[in-house]
>>> print(open('work-v7.cif').read())   # mmCIF, N, CA and C atoms
data_protein
#
loop_
_atom_site.group_PDB
_atom_site.id
_atom_site.type_symbol
_atom_site.label_atom_id
_atom_site.label_comp_id
_atom_site.auth_asym_id
_atom_site.auth_seq_id
_atom_site.Cartn_x
_atom_site.Cartn_y
_atom_site.Cartn_z
ATOM 1 N N MET A 1 89.781 51.717 97.799
ATOM 2 C CA MET A 1 90.475 52.872 98.325
ATOM 3 C C MET A 1 89.822 54.127 97.747
ATOM 4 N N CYS A 2 89.638 55.098 98.589
ATOM 5 C CA CYS A 2 88.969 56.333 98.171
ATOM 6 C C CYS A 2 89.969 57.462 98.073
ATOM 7 N N CYS A 3 89.742 58.323 97.206
ATOM 8 C CA CYS A 3 90.648 59.445 96.980
ATOM 9 C C CYS A 3 89.927 60.758 97.264
ATOM 10 N N LEU A 4 90.672 61.714 97.742
ATOM 11 C CA LEU A 4 90.129 63.032 98.028
ATOM 12 C C LEU A 4 90.902 64.038 97.212
ATOM 13 N N LEU A 5 90.201 64.872 96.503
ATOM 14 C CA LEU A 5 90.819 65.917 95.722
ATOM 15 C C LEU A 5 90.242 67.243 96.206
ATOM 16 N N LEU A 6 91.094 68.083 96.752
ATOM 17 C CA LEU A 6 90.665 69.384 97.254
ATOM 18 C C LEU A 6 91.473 70.443 96.540
ATOM 19 N N ILE A 7 90.780 71.309 95.831
ATOM 20 C CA ILE A 7 91.461 72.382 95.120
ATOM 21 C C ILE A 7 90.804 73.695 95.510
ATOM 22 N N HIS A 8 91.624 74.616 95.934
ATOM 23 C CA HIS A 8 91.145 75.955 96.236
ATOM 24 C C HIS A 8 90.803 76.650 94.927
ATOM 25 N N ASP A 9 89.634 77.161 94.800
ATOM 26 C CA ASP A 9 89.212 77.854 93.586
ATOM 27 C C ASP A 9 89.110 79.336 93.896
ATOM 28 N N ILE A 10 90.031 80.148 93.379
ATOM 29 C CA ILE A 10 90.082 81.585 93.681
ATOM 30 C C ILE A 10 88.788 82.286 93.283
ATOM 31 N N THR A 11 88.094 81.807 92.274
ATOM 32 C CA THR A 11 86.888 82.489 91.824
ATOM 33 C C THR A 11 85.732 82.320 92.799
ATOM 34 N N SER A 12 85.806 81.329 93.685
ATOM 35 C CA SER A 12 84.710 81.107 94.625
ATOM 36 C C SER A 12 84.948 81.782 95.967
ATOM 37 N N LEU A 13 86.076 82.433 96.123
ATOM 38 C CA LEU A 13 86.393 83.053 97.407
ATOM 39 C C LEU A 13 86.095 84.539 97.370
ATOM 40 N N SER A 14 85.282 85.009 98.299
ATOM 41 C CA SER A 14 85.037 86.442 98.378
ATOM 42 C C SER A 14 85.991 87.087 99.366
ATOM 43 N N PHE A 15 86.585 86.306 100.245
ATOM 44 C CA PHE A 15 87.520 86.816 101.230
ATOM 45 C C PHE A 15 88.765 85.951 101.159
ATOM 46 N N LEU A 16 89.866 86.513 100.724
ATOM 47 C CA LEU A 16 91.090 85.749 100.566
ATOM 48 C C LEU A 16 91.983 85.905 101.787
ATOM 49 N N ALA A 17 92.133 84.843 102.546
ATOM 50 C CA ALA A 17 92.955 84.875 103.756
ATOM 51 C C ALA A 17 94.378 84.419 103.477
ATOM 52 N N CYS A 18 94.677 84.175 102.217
ATOM 53 C CA CYS A 18 96.012 83.762 101.821
ATOM 54 C C CYS A 18 96.269 84.386 100.449
ATOM 55 N N ARG A 19 97.497 84.251 99.970
ATOM 56 C CA ARG A 19 97.788 84.841 98.653
ATOM 57 C C ARG A 19 98.001 83.755 97.609
ATOM 58 N N HIS A 20 97.602 84.059 96.394
ATOM 59 C CA HIS A 20 97.744 83.128 95.282
ATOM 60 C C HIS A 20 98.952 83.461 94.423
ATOM 61 N N THR A 21 99.445 84.682 94.523
ATOM 62 C CA THR A 21 100.576 85.121 93.708
ATOM 63 C C THR A 21 101.703 85.589 94.611
ATOM 64 N N THR A 22 102.895 85.651 94.072
ATOM 65 C CA THR A 22 104.037 86.141 94.848
ATOM 66 C C THR A 22 103.803 87.579 95.290
ATOM 67 N N ALA A 23 103.321 88.428 94.391
ATOM 68 C CA ALA A 23 103.073 89.833 94.722
ATOM 69 C C ALA A 23 101.963 89.984 95.755
ATOM 70 N N GLY A 24 100.986 89.083 95.738
ATOM 71 C CA GLY A 24 99.923 89.098 96.731
ATOM 72 C C GLY A 24 98.989 90.287 96.662
ATOM 73 N N THR A 25 98.835 90.894 95.500
ATOM 74 C CA THR A 25 97.948 92.055 95.394
ATOM 75 C C THR A 25 96.489 91.687 95.627
ATOM 76 N N GLU A 26 96.151 90.405 95.504
ATOM 77 C CA GLU A 26 94.779 89.946 95.730
ATOM 78 C C GLU A 26 94.498 89.629 97.195
ATOM 79 N N TYR A 27 95.506 89.642 98.038
ATOM 80 C CA TYR A 27 95.357 89.270 99.453
ATOM 81 C C TYR A 27 94.448 90.252 100.194
ATOM 82 N N ARG A 28 93.445 89.715 100.916
ATOM 83 C CA ARG A 28 92.511 90.542 101.678
ATOM 84 C C ARG A 28 92.377 90.060 103.122
ATOM 85 N N GLY A 29 93.353 89.309 103.585
ATOM 86 C CA GLY A 29 93.311 88.770 104.936
ATOM 87 C C GLY A 29 93.593 89.813 106.001
ATOM 88 N N HIS A 30 93.696 89.364 107.233
ATOM 89 C CA HIS A 30 93.807 90.269 108.378
ATOM 90 C C HIS A 30 95.141 90.220 109.098
ATOM 91 N N ILE A 31 96.187 89.754 108.457
ATOM 92 C CA ILE A 31 97.507 89.804 109.083
ATOM 93 C C ILE A 31 97.904 91.266 109.195
ATOM 94 N N ALA A 32 98.274 91.693 110.398
ATOM 95 C CA ALA A 32 98.575 93.103 110.652
ATOM 96 C C ALA A 32 99.904 93.286 111.376
ATOM 97 N N THR A 33 100.778 92.313 111.227
ATOM 98 C CA THR A 33 102.128 92.422 111.780
ATOM 99 C C THR A 33 103.120 91.991 110.704
ATOM 100 N N THR A 34 104.317 92.535 110.787
ATOM 101 C CA THR A 34 105.352 92.203 109.819
ATOM 102 C C THR A 34 105.969 90.848 110.163
ATOM 103 N N ALA A 35 106.794 90.354 109.269
ATOM 104 C CA ALA A 35 107.463 89.071 109.493
ATOM 105 C C ALA A 35 108.317 89.103 110.759
ATOM 106 N N SER A 36 108.795 90.292 111.136
ATOM 107 C CA SER A 36 109.605 90.400 112.354
ATOM 108 C C SER A 36 108.760 90.692 113.594
ATOM 109 N N GLY A 37 107.424 90.779 113.420
ATOM 110 C CA GLY A 37 106.529 90.962 114.556
ATOM 111 C C GLY A 37 106.126 92.390 114.873
ATOM 112 N N LYS A 38 106.475 93.345 114.017
ATOM 113 C CA LYS A 38 106.096 94.744 114.258
ATOM 114 C C LYS A 38 104.654 94.984 113.819
ATOM 115 N N VAL A 39 103.937 95.809 114.566
ATOM 116 C CA VAL A 39 102.548 96.153 114.247
ATOM 117 C C VAL A 39 102.524 97.099 113.050
ATOM 118 N N CYS A 40 101.583 96.863 112.142
ATOM 119 C CA CYS A 40 101.449 97.683 110.939
ATOM 120 C C CYS A 40 100.711 98.994 111.218
ATOM 121 N N GLN A 41 101.096 100.027 110.507
ATOM 122 C CA GLN A 41 100.424 101.325 110.540
ATOM 123 C C GLN A 41 99.149 101.239 109.720
ATOM 124 N N ARG A 42 98.100 101.942 110.147
ATOM 125 C CA ARG A 42 96.865 102.002 109.357
ATOM 126 C C ARG A 42 97.164 102.683 108.017
ATOM 127 N N TRP A 43 96.524 102.180 106.964
ATOM 128 C CA TRP A 43 96.725 102.745 105.638
ATOM 129 C C TRP A 43 96.029 104.094 105.473
ATOM 130 N N ASP A 44 94.981 104.357 106.261
ATOM 131 C CA ASP A 44 94.245 105.622 106.107
ATOM 132 C C ASP A 44 94.832 106.758 106.940
ATOM 133 N N THR A 45 96.038 106.570 107.425
ATOM 134 C CA THR A 45 96.734 107.649 108.119
ATOM 135 C C THR A 45 98.147 107.770 107.552
ATOM 136 N N THR A 46 98.701 108.938 107.636
ATOM 137 C CA THR A 46 100.068 109.141 107.157
ATOM 138 C C THR A 46 101.018 109.378 108.327
ATOM 139 N N THR A 47 100.618 108.910 109.499
ATOM 140 C CA THR A 47 101.479 108.984 110.668
ATOM 141 C C THR A 47 101.624 107.593 111.277
ATOM 142 N N PRO A 48 102.757 107.168 111.648
ATOM 143 C CA PRO A 48 103.978 107.977 111.707
ATOM 144 C C PRO A 48 104.728 108.093 110.381
ATOM 145 N N HIS A 49 104.348 107.327 109.354
ATOM 146 C CA HIS A 49 105.089 107.386 108.087
ATOM 147 C C HIS A 49 104.181 107.852 106.950
ATOM 148 N N PRO A 50 104.524 108.971 106.319
ATOM 149 C CA PRO A 50 103.718 109.468 105.203
ATOM 150 C C PRO A 50 103.805 108.527 103.999
ATOM 151 N N HIS A 51 102.735 108.493 103.212
ATOM 152 C CA HIS A 51 102.707 107.659 102.010
ATOM 153 C C HIS A 51 101.736 108.250 100.996
ATOM 154 N N PRO A 52 101.858 107.851 99.725
ATOM 155 C CA PRO A 52 101.030 108.418 98.663
ATOM 156 C C PRO A 52 99.772 107.619 98.332
ATOM 157 N N TYR A 53 99.451 106.565 99.085
ATOM 158 C CA TYR A 53 98.371 105.656 98.692
ATOM 159 C C TYR A 53 96.985 106.225 98.969
ATOM 160 N N VAL A 54 96.044 105.901 98.055
ATOM 161 C CA VAL A 54 94.665 106.392 98.127
ATOM 162 C C VAL A 54 93.700 105.215 97.948
ATOM 163 N N ASN A 55 92.404 105.472 98.081
ATOM 164 C CA ASN A 55 91.378 104.423 97.981
ATOM 165 C C ASN A 55 91.577 103.489 96.786
ATOM 166 N N ALA A 56 91.791 104.033 95.621
ATOM 167 C CA ALA A 56 91.878 103.227 94.398
ATOM 168 C C ALA A 56 93.056 102.257 94.389
ATOM 169 N N ASP A 57 93.987 102.413 95.316
ATOM 170 C CA ASP A 57 95.169 101.554 95.368
ATOM 171 C C ASP A 57 94.942 100.255 96.134
ATOM 172 N N PHE A 58 93.735 100.065 96.678
ATOM 173 C CA PHE A 58 93.472 98.915 97.534
ATOM 174 C C PHE A 58 92.386 98.019 96.961
ATOM 175 N N PRO A 59 92.529 96.687 97.159
ATOM 176 C CA PRO A 59 91.581 95.726 96.598
ATOM 177 C C PRO A 59 90.345 95.504 97.461
ATOM 178 N N GLU A 60 90.190 96.271 98.507
ATOM 179 C CA GLU A 60 89.068 96.066 99.420
ATOM 180 C C GLU A 60 87.744 96.319 98.709
ATOM 181 N N ASP A 61 86.654 95.910 99.339
ATOM 182 C CA ASP A 61 85.326 96.195 98.789
ATOM 183 C C ASP A 61 85.173 97.694 98.615
ATOM 184 N N GLY A 62 84.847 98.127 97.414
ATOM 185 C CA GLY A 62 84.672 99.551 97.153
ATOM 186 C C GLY A 62 85.983 100.308 97.098
ATOM 187 N N ASN A 63 87.090 99.583 96.968
ATOM 188 C CA ASN A 63 88.413 100.205 96.938
ATOM 189 C C ASN A 63 88.580 101.194 98.082
ATOM 190 N N SER A 64 88.523 100.699 99.294
ATOM 191 C CA SER A 64 88.564 101.569 100.460
ATOM 192 C C SER A 64 89.853 101.427 101.249
ATOM 193 N N ILE A 65 90.571 102.520 101.360
ATOM 194 C CA ILE A 65 91.797 102.556 102.159
ATOM 195 C C ILE A 65 91.458 102.340 103.639
ATOM 196 N N THR A 66 90.273 102.780 104.068
ATOM 197 C CA THR A 66 89.850 102.582 105.450
ATOM 198 C C THR A 66 89.601 101.104 105.734
ATOM 199 N N SER A 67 89.003 100.400 104.784
ATOM 200 C CA SER A 67 88.763 98.965 104.960
ATOM 201 C C SER A 67 90.057 98.163 104.999
ATOM 202 N N ALA A 68 91.116 98.714 104.440
ATOM 203 C CA ALA A 68 92.410 98.035 104.479
ATOM 204 C C ALA A 68 92.997 98.059 105.894
ATOM 205 N N ASN A 69 92.414 98.907 106.759
ATOM 206 C CA ASN A 69 92.803 98.968 108.162
ATOM 207 C C ASN A 69 94.320 99.063 108.275
ATOM 208 N N ASN A 70 94.913 98.200 109.077
ATOM 209 C CA ASN A 70 96.376 98.150 109.169
ATOM 210 C C ASN A 70 96.873 96.781 108.687
ATOM 211 N N TYR A 71 96.118 96.183 107.774
ATOM 212 C CA TYR A 71 96.446 94.856 107.278
ATOM 213 C C TYR A 71 97.564 94.908 106.232
ATOM 214 N N CYS A 72 98.307 93.850 106.148
ATOM 215 C CA CYS A 72 99.362 93.737 105.144
ATOM 216 C C CYS A 72 98.720 93.746 103.760
ATOM 217 N N ARG A 73 99.264 94.554 102.885
ATOM 218 C CA ARG A 73 98.763 94.674 101.519
ATOM 219 C C ARG A 73 99.940 94.935 100.591
ATOM 220 N N ASN A 74 99.679 94.972 99.310
ATOM 221 C CA ASN A 74 100.685 95.361 98.325
ATOM 222 C C ASN A 74 100.022 96.289 97.315
ATOM 223 N N PRO A 75 99.700 97.520 97.743
ATOM 224 C CA PRO A 75 99.017 98.452 96.844
ATOM 225 C C PRO A 75 99.903 98.810 95.651
ATOM 226 N N LYS A 76 99.293 98.798 94.487
ATOM 227 C CA LYS A 76 99.961 99.173 93.237
ATOM 228 C C LYS A 76 101.206 98.337 92.955
ATOM 229 N N LYS A 77 101.260 97.115 93.503
ATOM 230 C CA LYS A 77 102.447 96.250 93.349
ATOM 231 C C LYS A 77 103.725 97.012 93.688
ATOM 232 N N ALA A 78 103.664 97.798 94.753
ATOM 233 C CA ALA A 78 104.789 98.640 95.152
ATOM 234 C C ALA A 78 106.003 97.827 95.585
ATOM 235 N N GLN A 79 105.760 96.628 96.108
ATOM 236 C CA GLN A 79 106.854 95.767 96.570
ATOM 237 C C GLN A 79 106.679 94.379 95.952
ATOM 238 N N ALA A 80 107.552 93.461 96.327
ATOM 239 C CA ALA A 80 107.530 92.116 95.753
ATOM 240 C C ALA A 80 106.491 91.200 96.390
ATOM 241 N N ALA A 81 105.961 91.589 97.555
ATOM 242 C CA ALA A 81 105.018 90.750 98.304
ATOM 243 C C ALA A 81 104.231 91.644 99.260
ATOM 244 N N PRO A 82 103.189 91.107 99.931
ATOM 245 C CA PRO A 82 102.448 91.923 100.895
ATOM 246 C C PRO A 82 103.376 92.511 101.969
ATOM 247 N N TRP A 83 103.092 93.734 102.347
ATOM 248 C CA TRP A 83 103.943 94.478 103.262
ATOM 249 C C TRP A 83 103.104 95.522 103.978
ATOM 250 N N CYS A 84 103.746 96.283 104.873
ATOM 251 C CA CYS A 84 103.085 97.428 105.501
ATOM 252 C C CYS A 84 104.129 98.373 106.065
ATOM 253 N N PHE A 85 103.693 99.605 106.308
ATOM 254 C CA PHE A 85 104.516 100.532 107.065
ATOM 255 C C PHE A 85 104.408 100.112 108.524
ATOM 256 N N VAL A 86 105.504 100.223 109.264
ATOM 257 C CA VAL A 86 105.459 99.838 110.674
ATOM 258 C C VAL A 86 104.951 101.002 111.504
ATOM 259 N N ASN A 87 104.200 100.695 112.546
ATOM 260 C CA ASN A 87 103.573 101.722 113.372
ATOM 261 C C ASN A 87 104.532 102.172 114.474
ATOM 262 N N ASP A 88 105.695 102.636 114.052
ATOM 263 C CA ASP A 88 106.735 103.070 114.980
ATOM 264 C C ASP A 88 107.509 104.188 114.296
ATOM 265 N N ALA A 89 107.413 105.392 114.846
ATOM 266 C CA ALA A 89 108.047 106.554 114.228
ATOM 267 C C ALA A 89 109.562 106.412 114.129
ATOM 268 N N ALA A 90 110.172 105.667 115.026
ATOM 269 C CA ALA A 90 111.630 105.518 115.035
ATOM 270 C C ALA A 90 112.116 104.361 114.171
ATOM 271 N N ALA A 91 111.209 103.635 113.572
ATOM 272 C CA ALA A 91 111.584 102.445 112.810
ATOM 273 C C ALA A 91 112.401 102.792 111.567
ATOM 274 N N SER A 92 113.399 101.981 111.327
ATOM 275 C CA SER A 92 114.187 102.085 110.114
ATOM 276 C C SER A 92 114.572 100.670 109.716
ATOM 277 N N PRO A 93 114.081 100.193 108.582
ATOM 278 C CA PRO A 93 113.296 100.908 107.574
ATOM 279 C C PRO A 93 111.873 101.190 108.056
ATOM 280 N N THR A 94 111.171 102.011 107.316
ATOM 281 C CA THR A 94 109.819 102.420 107.697
ATOM 282 C C THR A 94 108.763 101.384 107.339
ATOM 283 N N TRP A 95 109.110 100.399 106.512
ATOM 284 C CA TRP A 95 108.170 99.351 106.111
ATOM 285 C C TRP A 95 108.882 98.007 106.147
ATOM 286 N N GLU A 96 108.072 96.942 106.209
ATOM 287 C CA GLU A 96 108.609 95.585 106.185
ATOM 288 C C GLU A 96 107.618 94.659 105.487
ATOM 289 N N TYR A 97 108.152 93.546 104.986
ATOM 290 C CA TYR A 97 107.295 92.512 104.419
ATOM 291 C C TYR A 97 106.553 91.784 105.533
ATOM 292 N N CYS A 98 105.425 91.211 105.176
ATOM 293 C CA CYS A 98 104.623 90.409 106.100
ATOM 294 C C CYS A 98 104.718 88.942 105.706
ATOM 295 N N ASN A 99 104.504 88.083 106.653
ATOM 296 C CA ASN A 99 104.566 86.646 106.411
ATOM 297 C C ASN A 99 103.157 86.139 106.048
ATOM 298 N N VAL A 100 102.718 86.455 104.843
ATOM 299 C CA VAL A 100 101.397 86.052 104.364
ATOM 300 C C VAL A 100 101.538 84.708 103.645
ATOM 301 N N PRO A 101 100.828 83.690 104.092
ATOM 302 C CA PRO A 101 100.981 82.367 103.489
ATOM 303 C C PRO A 101 100.374 82.282 102.092
ATOM 304 N N PHE A 102 100.921 81.388 101.312
ATOM 305 C CA PHE A 102 100.346 81.082 100.001
ATOM 306 C C PHE A 102 99.149 80.164 100.192
ATOM 307 N N CYS A 103 98.142 80.312 99.353
ATOM 308 C CA CYS A 103 97.015 79.386 99.347
ATOM 309 C C CYS A 103 97.502 78.097 98.724
ATOM 310 N N GLY A 104 97.003 76.983 99.232
ATOM 311 C CA GLY A 104 97.471 75.712 98.734
ATOM 312 C C GLY A 104 96.517 75.032 97.797
ATOM 313 N N LYS A 105 97.039 74.190 96.960
ATOM 314 C CA LYS A 105 96.246 73.269 96.157
ATOM 315 C C LYS A 105 96.680 71.900 96.623
ATOM 316 N N TYR A 106 95.750 71.180 97.177
ATOM 317 C CA TYR A 106 96.086 69.901 97.784
ATOM 318 C C TYR A 106 95.473 68.742 96.993
ATOM 319 N N ILE A 107 96.274 67.762 96.766
ATOM 320 C CA ILE A 107 95.773 66.540 96.152
ATOM 321 C C ILE A 107 96.202 65.394 97.049
ATOM 322 N N LEU A 108 95.261 64.738 97.666
ATOM 323 C CA LEU A 108 95.525 63.624 98.547
ATOM 324 C C LEU A 108 94.998 62.359 97.884
ATOM 325 N N LEU A 109 95.872 61.451 97.570
ATOM 326 C CA LEU A 109 95.460 60.208 96.900
ATOM 327 C C LEU A 109 95.637 59.029 97.827
#
>>> encode(input="work-v7.cif", output="structure tokens")
Amino acid sequence: MCCLLLIHDITSLSFLACRHTTAGTEYRGHIATTASGKVCQRWDTTTPHPHPYVNADFPEDGNSITSANNYCRNPKKAQAAPWCFVNDAAASPTWEYCNVPFCGKYILL
């Protein structure tokens, strides 16, 4: 009988499409909708919802707010998990959490 051991190694990933921590500050994937299905606002604009975030607050290559696009992020650990402002001026609340999956460690014996 043969066994397969597959372990995700965070140090070998240059692009993280899932999160390893609850806060998800390391997440660099492309999910751009909230858990309820609302489209995220771009981080490099303050419309429709103003915010204080700048380049240094993002984990993208070169710490770029533009590279963060409208993807779910958790800049400065502002919330408990990846989130975004919703791209709807009438939205209340103005932000929501995103359904970003956890990276798995799989052991198949």
>>> closest_residue(input="work-v7.cif", among="A:Lys76, A:Arg42, A:Arg28, A:His20", to="A:Asp57", atoms="only N, CA and C atoms")
A:Lys76
>>> closest_residue(input="work-v7.cif", among="A:Gly24, A:Thr46, A:Arg19, A:Tyr53", to="A:Gln79", atoms="all atoms listed in the file")
A:Gly24
>>> closest_residue(input="work-v7.cif", among="A:Thr34, A:Asp44, A:Tyr97, A:Phe85", to="A:Ala68", atoms="all atoms listed in the file")
A:Asp44
>>> residues_around(input="work-v7.cif", residues="A:Trp95", least_positions_apart="6", cutoff="7 Å", atoms="all atoms listed in the file", output="list in words")
Trp83, Cys84, Phe85 and Val86 of chain A
>>> closest_residue(input="work-v7.cif", among="A:Phe102, A:Asp61, A:Trp43, A:Lys77", to="A:Thr21", atoms="all atoms listed in the file")
A:Phe102
>>> residues_near_point(input="work-v7.cif", point="(103.2, 90.6, 107.4)", cutoff="5 Å", atoms="all atoms listed in the file", output="VMD selection string")
chain A and resid 33 to 35 97 to 100
>>> write_last_selection(input="work-v7.cif", atoms="N, CA and C atoms", output="PDB file, in the coordinates of the input")
ATOM      1  N   THR A  33     100.778  92.313 111.227  1.00  0.00           N
ATOM      2  CA  THR A  33     102.128  92.422 111.780  1.00  0.00           C
ATOM      3  C   THR A  33     103.120  91.991 110.704  1.00  0.00           C
ATOM      4  N   THR A  34     104.317  92.535 110.787  1.00  0.00           N
ATOM      5  CA  THR A  34     105.352  92.203 109.819  1.00  0.00           C
ATOM      6  C   THR A  34     105.969  90.848 110.163  1.00  0.00           C
ATOM      7  N   ALA A  35     106.794  90.354 109.269  1.00  0.00           N
ATOM      8  CA  ALA A  35     107.463  89.071 109.493  1.00  0.00           C
ATOM      9  C   ALA A  35     108.317  89.103 110.759  1.00  0.00           C
ATOM     10  N   TYR A  97     108.152  93.546 104.986  1.00  0.00           N
ATOM     11  CA  TYR A  97     107.295  92.512 104.419  1.00  0.00           C
ATOM     12  C   TYR A  97     106.553  91.784 105.533  1.00  0.00           C
ATOM     13  N   CYS A  98     105.425  91.211 105.176  1.00  0.00           N
ATOM     14  CA  CYS A  98     104.623  90.409 106.100  1.00  0.00           C
ATOM     15  C   CYS A  98     104.718  88.942 105.706  1.00  0.00           C
ATOM     16  N   ASN A  99     104.504  88.083 106.653  1.00  0.00           N
ATOM     17  CA  ASN A  99     104.566  86.646 106.411  1.00  0.00           C
ATOM     18  C   ASN A  99     103.157  86.139 106.048  1.00  0.00           C
ATOM     19  N   VAL A 100     102.718  86.455 104.843  1.00  0.00           N
ATOM     20  CA  VAL A 100     101.397  86.052 104.364  1.00  0.00           C
ATOM     21  C   VAL A 100     101.538  84.708 103.645  1.00  0.00           C
TER      22      VAL A 100
END
>>> closest_residue(input="work-v7.cif", among="A:Cys18, A:Pro93, A:Asn70, A:Gly104", to="A:Val39", atoms="all atoms listed in the file")
A:Asn70
>>> atom_distance(input="work-v7.cif", atom1="atom CA of A:Glu96", atom2="atom CA of A:His51")
14.1 Å
>>> axis_aligned_box(input="work-v7.cif", around="stretch 30-48 of chain A", padding_each_side="5 Å", output="lines of an AutoDock Vina configuration file")
center_x = 101.7
center_y = 99.2
center_z = 110.2
size_x = 25.9
size_y = 30.3
size_z = 19.4
>>> closest_residue(input="work-v7.cif", among="A:Gly62, A:Ala32, A:Ala81, A:His49", to="A:Thr94", atoms="all atoms listed in the file")
A:His49
>>> atom_distance(input="work-v7.cif", atom1="atom CA of A:Gly29", atom2="atom N of A:Ala17")
4.7 Å
>>> atom_distance(input="work-v7.cif", atom1="atom CA of A:His30", atom2="atom N of A:Asn69")
8.9 Å
>>> select_by_dssp(input="work-v7.cif", residues="stretch 60-104 of chain A", states="strand (DSSP E or B)", output="PDB file with N, CA and C atoms, in the frame of the given file")
ATOM      1  N   ARG A  73      99.264  94.554 102.885  1.00  0.00           N
ATOM      2  CA  ARG A  73      98.763  94.674 101.519  1.00  0.00           C
ATOM      3  C   ARG A  73      99.940  94.935 100.591  1.00  0.00           C
ATOM      4  N   TRP A  83     103.092  93.734 102.347  1.00  0.00           N
ATOM      5  CA  TRP A  83     103.943  94.478 103.262  1.00  0.00           C
ATOM      6  C   TRP A  83     103.104  95.522 103.978  1.00  0.00           C
ATOM      7  N   CYS A  84     103.746  96.283 104.873  1.00  0.00           N
ATOM      8  CA  CYS A  84     103.085  97.428 105.501  1.00  0.00           C
ATOM      9  C   CYS A  84     104.129  98.373 106.065  1.00  0.00           C
ATOM     10  N   PHE A  85     103.693  99.605 106.308  1.00  0.00           N
ATOM     11  CA  PHE A  85     104.516 100.532 107.065  1.00  0.00           C
ATOM     12  C   PHE A  85     104.408 100.112 108.524  1.00  0.00           C
ATOM     13  N   VAL A  86     105.504 100.223 109.264  1.00  0.00           N
ATOM     14  CA  VAL A  86     105.459  99.838 110.674  1.00  0.00           C
ATOM     15  C   VAL A  86     104.951 101.002 111.504  1.00  0.00           C
ATOM     16  N   TRP A  95     109.110 100.399 106.512  1.00  0.00           N
ATOM     17  CA  TRP A  95     108.170  99.351 106.111  1.00  0.00           C
ATOM     18  C   TRP A  95     108.882  98.007 106.147  1.00  0.00           C
ATOM     19  N   GLU A  96     108.072  96.942 106.209  1.00  0.00           N
ATOM     20  CA  GLU A  96     108.609  95.585 106.185  1.00  0.00           C
ATOM     21  C   GLU A  96     107.618  94.659 105.487  1.00  0.00           C
ATOM     22  N   TYR A  97     108.152  93.546 104.986  1.00  0.00           N
ATOM     23  CA  TYR A  97     107.295  92.512 104.419  1.00  0.00           C
ATOM     24  C   TYR A  97     106.553  91.784 105.533  1.00  0.00           C
ATOM     25  N   PHE A 102     100.921  81.388 101.312  1.00  0.00           N
ATOM     26  CA  PHE A 102     100.346  81.082 100.001  1.00  0.00           C
ATOM     27  C   PHE A 102      99.149  80.164 100.192  1.00  0.00           C
TER      28      PHE A 102
END
>>> residues_around(input="work-v7.cif", residues="stretch 54-56 of chain A", least_positions_apart="3", cutoff="6 Å", atoms="only C-alpha atoms", output="compact mmCIF listing (two decimals) with N, CA and C atoms, keeping the file's coordinate frame")
# COMPACT_ATOMS: atom_id res chain seq x y z
N ASN A 63 87.09 99.58 96.97
CA ASN A 63 88.41 100.20 96.94
C ASN A 63 88.58 101.19 98.08
N SER A 64 88.52 100.70 99.29
CA SER A 64 88.56 101.57 100.46
C SER A 64 89.85 101.43 101.25
N ILE A 65 90.57 102.52 101.36
CA ILE A 65 91.80 102.56 102.16
C ILE A 65 91.46 102.34 103.64
>>> select_by_dssp(input="work-v7.cif", residues="stretch 14-88 of chain A", states="helix (DSSP H, G or I)", output="PyMOL selection string")
chain A and resi 55-57+75-77
